[in-house]
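To start, the structure under review is shown below, and the notes come after it.
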Number of protein chains: 4
Amino acid sequence: MTIRAGIAGATGYAGVELIRLLGIHPEVQVVLAGTESYQGQELASVYPHLRGRIDLVGQEAAAEALAACDVVFASLPHGVTMALAPAVLGAGRRLIDLGADFRLRDVATYEAWYKKAHTAPDLAAEAVYGLPELYREQVRGARLVANPGCYPTACALASAPLLKAGVVETRGIIFDAKSGVSGAGRGVNLGVHFSEVNENLKAYNIAGDHRHTPEIEQTLSDLAGERVVVSFTPHLVPMTRGILATGYFTLRRDLSTEQAVELFREFYAGEPFVRVRPAGDLPATKQVWGSNYCDIGVKVDRRTGRALVISVIDNLVKGAAGQAIQNMNLMFGLPETTGLLEAAPVYP
Amino acid sequence: MTIRAGIAGATGYAGVELIRLLGIHPEVQVVLAGTESYQGQELASVYPHLRGRIDLVGQEAAAEALAACDVVFASLPHGVTMALAPAVLGAGRRLIDLGADFRLRDVATYEAWYKKAHTAPDLAAEAVYGLPELYREQVRGARLVANPGCYPTACALASAPLLKAGVVETRGIIFDAKSGVSGAGRGVNLGVHFSEVNENLKAYNIAGDHRHTPEIEQTLSDLAGERVVVSFTPHLVPMTRGILATGYFTLRRDLSTEQAVELFREFYAGEPFVRVRPAGDLPATKQVWGSNYCDIGVKVDRRTGRALVISVIDNLVKGAAGQAIQNMNLMFGLPETTGLLEAAPVYP
Amino acid sequence: MTIRAGIAGATGYAGVELIRLLGIHPEVQVVLAGTESYQGQELASVYPHLRGRIDLVGQEAAAEALAACDVVFASLPHGVTMALAPAVLGAGRRLIDLGADFRLRDVATYEAWYKKAHTAPDLAAEAVYGLPELYREQVRGARLVANPGCYPTACALASAPLLKAGVVETRGIIFDAKSGVSGAGRGVNLGVHFSEVNENLKAYNIAGDHRHTPEIEQTLSDLAGERVVVSFTPHLVPMTRGILATGYFTLRRDLSTEQAVELFREFYAGEPFVRVRPAGDLPATKQVWGSNYCDIGVKVDRRTGRALVISVIDNLVKGAAGQAIQNMNLMFGLPETTGLLEAAPVYP
Amino acid sequence: MTIRAGIAGATGYAGVELIRLLGIHPEVQVVLAGTESYQGQELASVYPHLRGRIDLVGQEAAAEALAACDVVFASLPHGVTMALAPAVLGAGRRLIDLGADFRLRDVATYEAWYKKAHTAPDLAAEAVYGLPELYREQVRGARLVANPGCYPTACALASAPLLKAGVVETRGIIFDAKSGVSGAGRGVNLGVHFSEVNENLKAYNIAGDHRHTPEIEQTLSDLAGERVVVSFTPHLVPMTRGILATGYFTLRRDLSTEQAVELFREFYAGEPFVRVRPAGDLPATKQVWGSNYCDIGVKVDRRTGRALVISVIDNLVKGAAGQAIQNMNLMFGLPETTGLLEAAPVYP
């Protein structure tokens with residue numbers, strides 16, 4: 001029994017990555033490619049790398065059409081998915097939202113950060129935050145999953161073992177994060193012009209300006225069992241894919257690097273997509289490039305009493321399309337890794 | 001029945017790409033990772049992207065150990081494989097050489113270009129040149145396959161339909177080719193230093209100095225049925241993967257772009273890994289990145305009476321490891337695409 | 001006596017490069033920064049790298065304001081400068097056009113390639129093509145200079161010694177050229193999106209579709225004394241600056257590489273901005289990065305009877321702003337290198 | 001009267017950048033190019049971008065030869081300059097060390113971090129730390145200047161106004177720093193291989209392992225008037241030049257972003273090479289590329305009670321050769337900017 005999948009927002013970078021990954025998934029067929037910009041065009045003419053691999057024409061992502069799919073992946077500007085969701089769910093289908101509409105349980109927080117009224121607050125309350133390593137059981141039973149943002153995925157996975165073990169302060173946590181350019185999407189503007197980005201590095205939306213901040217704080221608050229406020233500082237790096245988050249945590253008690261690594265190993269034991277590095281080893285973004293892995297390295301700095309955690313993901317895979325499929329696998333009772341291990345890291 | 005594969009030269013870039021691709025091949029298990037530099041080390045410590053995906057320790061690529069594998073992939077400096085080959089073949093095993101030792105049927109030509117005596121001339125005569133699109137039947141029956149070089153793959157596939165149809169002159173053919181840096185291998189030298197290569201472009205080994213020249217000429221001579229001499233001009237481009245070859249052919253008779261494209265379409269009809277672009281469309285290297293495809297675009301320039309052909313491949317896949325597996329599939333009677341379509345192009 | 005310069009199109013890449021170079025020119029002051037997009041804004045807020053270096057506000061590039069400057073540099077879309085030129089020249093000022101409006105002496109050719117009526121055919125006839133190495137004396141006396149395109153500069157300098165000496169055929173010349181992305185300007189579109197360009201390589205406007213083709217042919221025809229038709233094939237390379245042109249010429253008579261190099265050395269003896277490499281040495285784009293140099297390497301391929309010429313420039317300097325200043329120096333009787341040698345190549 | 005300069009270590013990246021910058025300095029002539037690897041070779045053959053710009057042959061950097069120069073720039077592995085220094089200074093010459101031998105006043109700290117006995121402790125005590133913005137007067141009178149490291153330059157300039165004003169805690173300061181690859185020098189190893197660095201990002205020597213840590217702490221302790229310990233986390237970014245340091249400071253009292261910016265403006269008022277951005281504006285590395293500027297942006301995060309400071313430099317200019325020349329200008333009584341403003345930022 002093949003799962004019939006529809007993608008709303010199929011021609012953005014997350015959408016086209018869904019097509020790559022679903023194309024090698026043994027249990028899924030993409031039957032609908034919704035697109036704003038390329039309706040009526042063959043996907044293979046928009047994205048020639050798909051030639052011979054998919055035979056779909058871009059069409060309007062109408063609610064009725066989507067509601068005929070077993071599962072809908074929505075990768076749309078915020079505000080759009082919340083309008084589509086009732087129809088899809090009402091038809092008894094499942095919805096995985098790669099956008100921000102259902103990530104924040106607190107609708108007021110959503111509205112404050114996204115400057116937009118939330119039209120489906122009940123669904124925001126119902127939606128499961130789709131970070132399987134932390135919310136696996138809830139995902140299994142969900143009909144609506146809010147797929148995490150790319151930065152929040154890297155930051156949450158870097159934090160969970162420390163916060164759960166209570167070995168670090170919940171105050172003063174910093175994430176200095178760095179992303180490749182594809183995280184900004186396919187829209188054209190001067191900020192993604194090659195000549196402006198290449199051989200260049202900048203910070204942006206620092207000091208609490210980035211909308212991923214409340215999302216990170218929501219997960220860390222869940223983990224800590226108390227309200228957590230973080231410093232989140234994103235940077236734009238001249239590369240296409242990859243996020244590296246450098247987390248700074250103040251230790252509550254003395255801990256060796258080996259002990260910290262062991263904490264992570266235990267926490268992520270059995271996780272198919274989190275790879276904890278041995279003490280002394282730090283991950284690089286290329287080592288997970290194209291794959292659904294999150295690699296994590298930990299080091300304690302006794303001079304300053306901090307634990308440093310480096311986590312890396314491919315922002316389009318574990319940070320978007322891959323994680324969405326991991327969630328789909330859970331929602332449909334498939335083995336969680338189905339179709340995802342074939343997307344091996346491509347190195348170099 | 002799983003094919004047990006050994007890799008001699010497993011820690012070079014072609015070797016590690018074999019590990020990626022064989023790792024997602026349903027019928028193969030890599031059982032031996034031969035390496036000069038990392039004997040006794042876990043592969044996952046040398047290449048952390050492999051962590052959790054393969055559980056092998058680098059070992060000496062000794063002839064006896066290799067001869068116990070069903071198939072040996074050799075990615076070694078020239079001169080080394082010709083020494084290993086008799087033992088492997090003598091044990092009844094199959095050998096796919098990703099190096100140059102068996103690519104040139106004419107041993108004198110080999111010795112002239114590689115400045116080295118050939119110690120297995122019989123095998124050089126026996127070896128099949130493993131470009132399946134041109135030599136598929138011979139590959140099926142072969143026990144020794146010489147996997148083509150990266151540039152020669154791109155150039156041969158760009159030429160075959162034109163030469164076979166006899167619509168272009170066999171004299172004056174030019175390939176202006178451009179390669180990413182991984183083609184130079186993993187060895188360290190100033191020529192691959194990031195600061196020397198980034199934001200830089202150069203030609204090298206031009207005007208008949210590159211060893212791929214006689215290999216290209218051998219295939220084109222086969223196609224034309226007469227001795228063909230080419231101008232081959234390689235360039236180094238600041239990117240990791242990808243080859244783009246721009247072929248210049250003098251037309252013997254008037255031909256429209258549409259007719260030329262049609263010639264290519266017919267020639268490659270049914271080929272799973274060659275994608276001919278519609279008239280007016282040209283391929284880019286990223287569109288085959290990480291995959292075994294060769295994409296080809298053709299345009300006729302009536303002002304100058306030439307046909308221009310643009311072919312692109314991923315030098316580590318169709319230009320090395322992927323093509324080697326394509327050959328292995330043929331040699332073992334498997335469907336030719338087994339395990340290769342899962343390596344979809346990764347875009348962007 | 002300081003030359004008062006106005007720039008029409010000051011906020012494009014060529015314009016801002018003029019500001020960099022004129023800013024270190026001892027005899028020039030930029031007094032007017034014309035811009036379409038940033039009128040009323042401080043240049044330093046548009047381009048923060050200029051902070052503290054120039055104190056101008058973007059303004060409309062009105063003909064009257066421009067006509068009050070001693071010299072006007074125009075870097076505008078084609079069709080616009082031809083409308084401004086009469087006023088500037090009528091006021092007794094000098095005009096250096098970095099665009100295409102006055103590059104082609106034959107107005108019909110211009111109109112055929114640029115799909116636009118030429119409104120100042122007299123000026124097109126009068127304009128001097130500002131490639132100082134070939135037209136120095138005419139530039140000295142000119143009031144209107146058409147600054148060459150970036151590709152045509154690289155191609156013409158690669159060809160001149162061979163054509164002048166008559167040692168190569170005038171038929172069958174090929175330029176396989178490769179450019180960094182800044183050559184496409186600062187306008188935003190998918191073709192310059194970082195994620196589309198990075199780790200990617202493509203050909204575009206091949207087989208006689210690029211507008212630089214007739215410009216190259218005009219200069220080569222001048223050099224050869226007969227009508228020359230060329231194959232010109234541009235490629236887009238993932239780097240910001242730099243053009244490398246690979247020229248293929250059929251030798252009329254046997255010539256050694258040393259003799260060919262000597263031909264170039266003699267032809268360019270005394271030229272301050274053309275550096276001919278010794279035999280066996282080939283230039284790379286980074287070696288002229290940020291500077292006004294054109295570096296040239298030559299090699300004869302006796303197997304195919306061809307001379308190969310590799311020329312490299314920085315497309316924004318020798319290919320645009322630097323050459324414009326070189327022309328200005330000549331037009332104002334200054335030493336030709338004034339203010340240009342300070343822009344040393346930046347390596348690495 | 002021209003200053004005759006010798007460079008020990010002329011063919012490393014800092015050395016060759018000295019040659020670029022001294023080549024456009026009106027008061028200096030480079031008379032000696034000391035090199036380990038290229039003795040007897042023309043510099044222009046080692047670095048073709050220098051062709052026609054300098055006419056020197058690499059020679060041994062012998063103490064006697066250096067002692068005949070008015071000023072010696074040493075860019076050598078640590079341990080080497082301390083052996084040369086006595087002879088140079090004993091001959092009454094001035095020495096600017098771009099290496100680490102004289103940066104740490106406390107010899108024990110040097111020996112602990114560099115694992116090497118210091119053979120010239122008196123000179124370590126005498127040497128002036130050549131960060132002109134903080135130690136200008138001492139530099140003027142110095143005969144031995146320790147040119148700061150690249151990271152420490154960016155970190156110290158990001159910190160000085162805050163620490164001097166006493167508005168931030170001296171504990172808990174974090175520098176999350178990112179560097180281009182040229183900072184690692186020209187030596188070849190896998191860590192600088194293009195295919196390993198391109199499209200990749202990693203942290204290295206984190207948690208107090210990097211030797212720039214004590215150097216940063218020495219300057220910050222000077223500024224704070226008490227012992228300061230910092231977290232310093234370097235990252236390697238796929239670009240050639242540029243450092244961006246993100247500084248995290250805990251505010252002692254409430255401060256608006258505007259007030260923080262004003263603090264920086266006042267502190268750096270009149271500084272020719274420090275450009276403080278207006279509130280709301282953050283610098284990018286490309287905006288100082290090739291120049292001696294340090295650009296700084298500041299933002300207060302009231303949610304977390306922190307001031308964030310972003311500082312960017314070109315690691316080879318303000319982080320090495322440019323700052324060395326700035327120091328030389330001071331030592332020789334020249335205007336501090338002599339020959340340095342001509343090296344304008346190259347953008348894009």
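Each chain in the structure tokens gets a letter, A, B, ..., in the order shown, and its residues are numbered from 1; ligands are numbered from 1 in order too.
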Practice problem: Quick one: everything within 10 Å of segment 149-153 of chain C, counting only C-alpha atoms, minus sequence neighbours fewer than 5 positions away in the same chain. Send it as a PyMOL selection string. | Solution: chain C and resi 98-100+103+130-131+158+175+177-179+183+211-220+232+234+242-245+294+311-320+323
Quiz item: Any idea which chain D residues end up within 6 Å of chain B if we count only C-alpha atoms, as an MDAnalysis selection string please?
Solution: chainID D and resid 182 188:189 192:195 240
Would you put the residues from that selection into a file with N, CA, C and O atoms, as a PDB file, in the first residue's frame?
ATOM      1  N   SER D 182      42.743  31.464   4.908  1.00  0.00           N
ATOM      2  CA  SER D 182      44.108  31.989   4.771  1.00  0.00           C
ATOM      3  C   SER D 182      44.752  32.199   6.133  1.00  0.00           C
ATOM      4  O   SER D 182      45.980  32.236   6.231  1.00  0.00           O
ATOM      5  N   VAL D 188      50.579  23.119   3.468  1.00  0.00           N
ATOM      6  CA  VAL D 188      49.565  22.205   2.955  1.00  0.00           C
ATOM      7  C   VAL D 188      49.301  21.079   3.949  1.00  0.00           C
ATOM      8  O   VAL D 188      50.219  20.499   4.508  1.00  0.00           O
ATOM      9  N   ASN D 189      48.039  20.828   4.181  1.00  0.00           N
ATOM     10  CA  ASN D 189      47.614  19.682   4.973  1.00  0.00           C
ATOM     11  C   ASN D 189      46.145  19.453   4.668  1.00  0.00           C
ATOM     12  O   ASN D 189      45.499  20.290   4.028  1.00  0.00           O
ATOM     13  N   VAL D 192      43.297  22.115   4.984  1.00  0.00           N
ATOM     14  CA  VAL D 192      43.085  23.239   4.072  1.00  0.00           C
ATOM     15  C   VAL D 192      42.814  22.770   2.638  1.00  0.00           C
ATOM     16  O   VAL D 192      42.763  23.582   1.715  1.00  0.00           O
ATOM     17  N   HIS D 193      42.652  21.466   2.456  1.00  0.00           N
ATOM     18  CA  HIS D 193      42.318  20.927   1.127  1.00  0.00           C
ATOM     19  C   HIS D 193      40.966  21.497   0.711  1.00  0.00           C
ATOM     20  O   HIS D 193      39.997  21.451   1.469  1.00  0.00           O
ATOM     21  N   PHE D 194      40.908  22.010  -0.513  1.00  0.00           N
ATOM     22  CA  PHE D 194      39.675  22.641  -0.975  1.00  0.00           C
ATOM     23  C   PHE D 194      38.464  21.738  -0.780  1.00  0.00           C
ATOM     24  O   PHE D 194      37.411  22.172  -0.294  1.00  0.00           O
ATOM     25  N   SER D 195      38.601  20.466  -1.159  1.00  0.00           N
ATOM     26  CA  SER D 195      37.440  19.571  -1.098  1.00  0.00           C
ATOM     27  C   SER D 195      37.002  19.283   0.332  1.00  0.00           C
ATOM     28  O   SER D 195      35.877  18.836   0.565  1.00  0.00           O
ATOM     29  N   THR D 240      38.323  32.686   1.799  1.00  0.00           N
ATOM     30  CA  THR D 240      39.768  32.850   1.888  1.00  0.00           C
ATOM     31  C   THR D 240      40.160  33.834   2.979  1.00  0.00           C
ATOM     32  O   THR D 240      41.027  33.555   3.805  1.00  0.00           O
TER      33      THR D 240
END
Quiz item: What's the 6 Å shell around Val30 of chain C, counting only C-alpha atoms, without same-chain residues fewer than 3 positions away, as a list in words?
Solution: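 Non-adjacent residues within range: Arg4, Ala5 and Gly6 of chain C.
Within segment 14-128 of chain B, residues classed as strand (DSSP E or B) by DSSP on backbone coordinates are Val28, Gln29, Val30, Val31, Leu32, Ala33, Gly34, Glu42, Val57, Gln59, Val71, Val72, Phe73, Ala74, Arg94, Leu95, Ile96, Asp97 and Val128 of chain B.
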Self-check item: Backbone-only DSSP, alpha helix (DSSP H) members of segment 100-326 of chain D, as a PyMOL selection string
Solution: chain D and resi 107-114+121-126+132-140+150-165+194-197+212-224+257-267+322-326
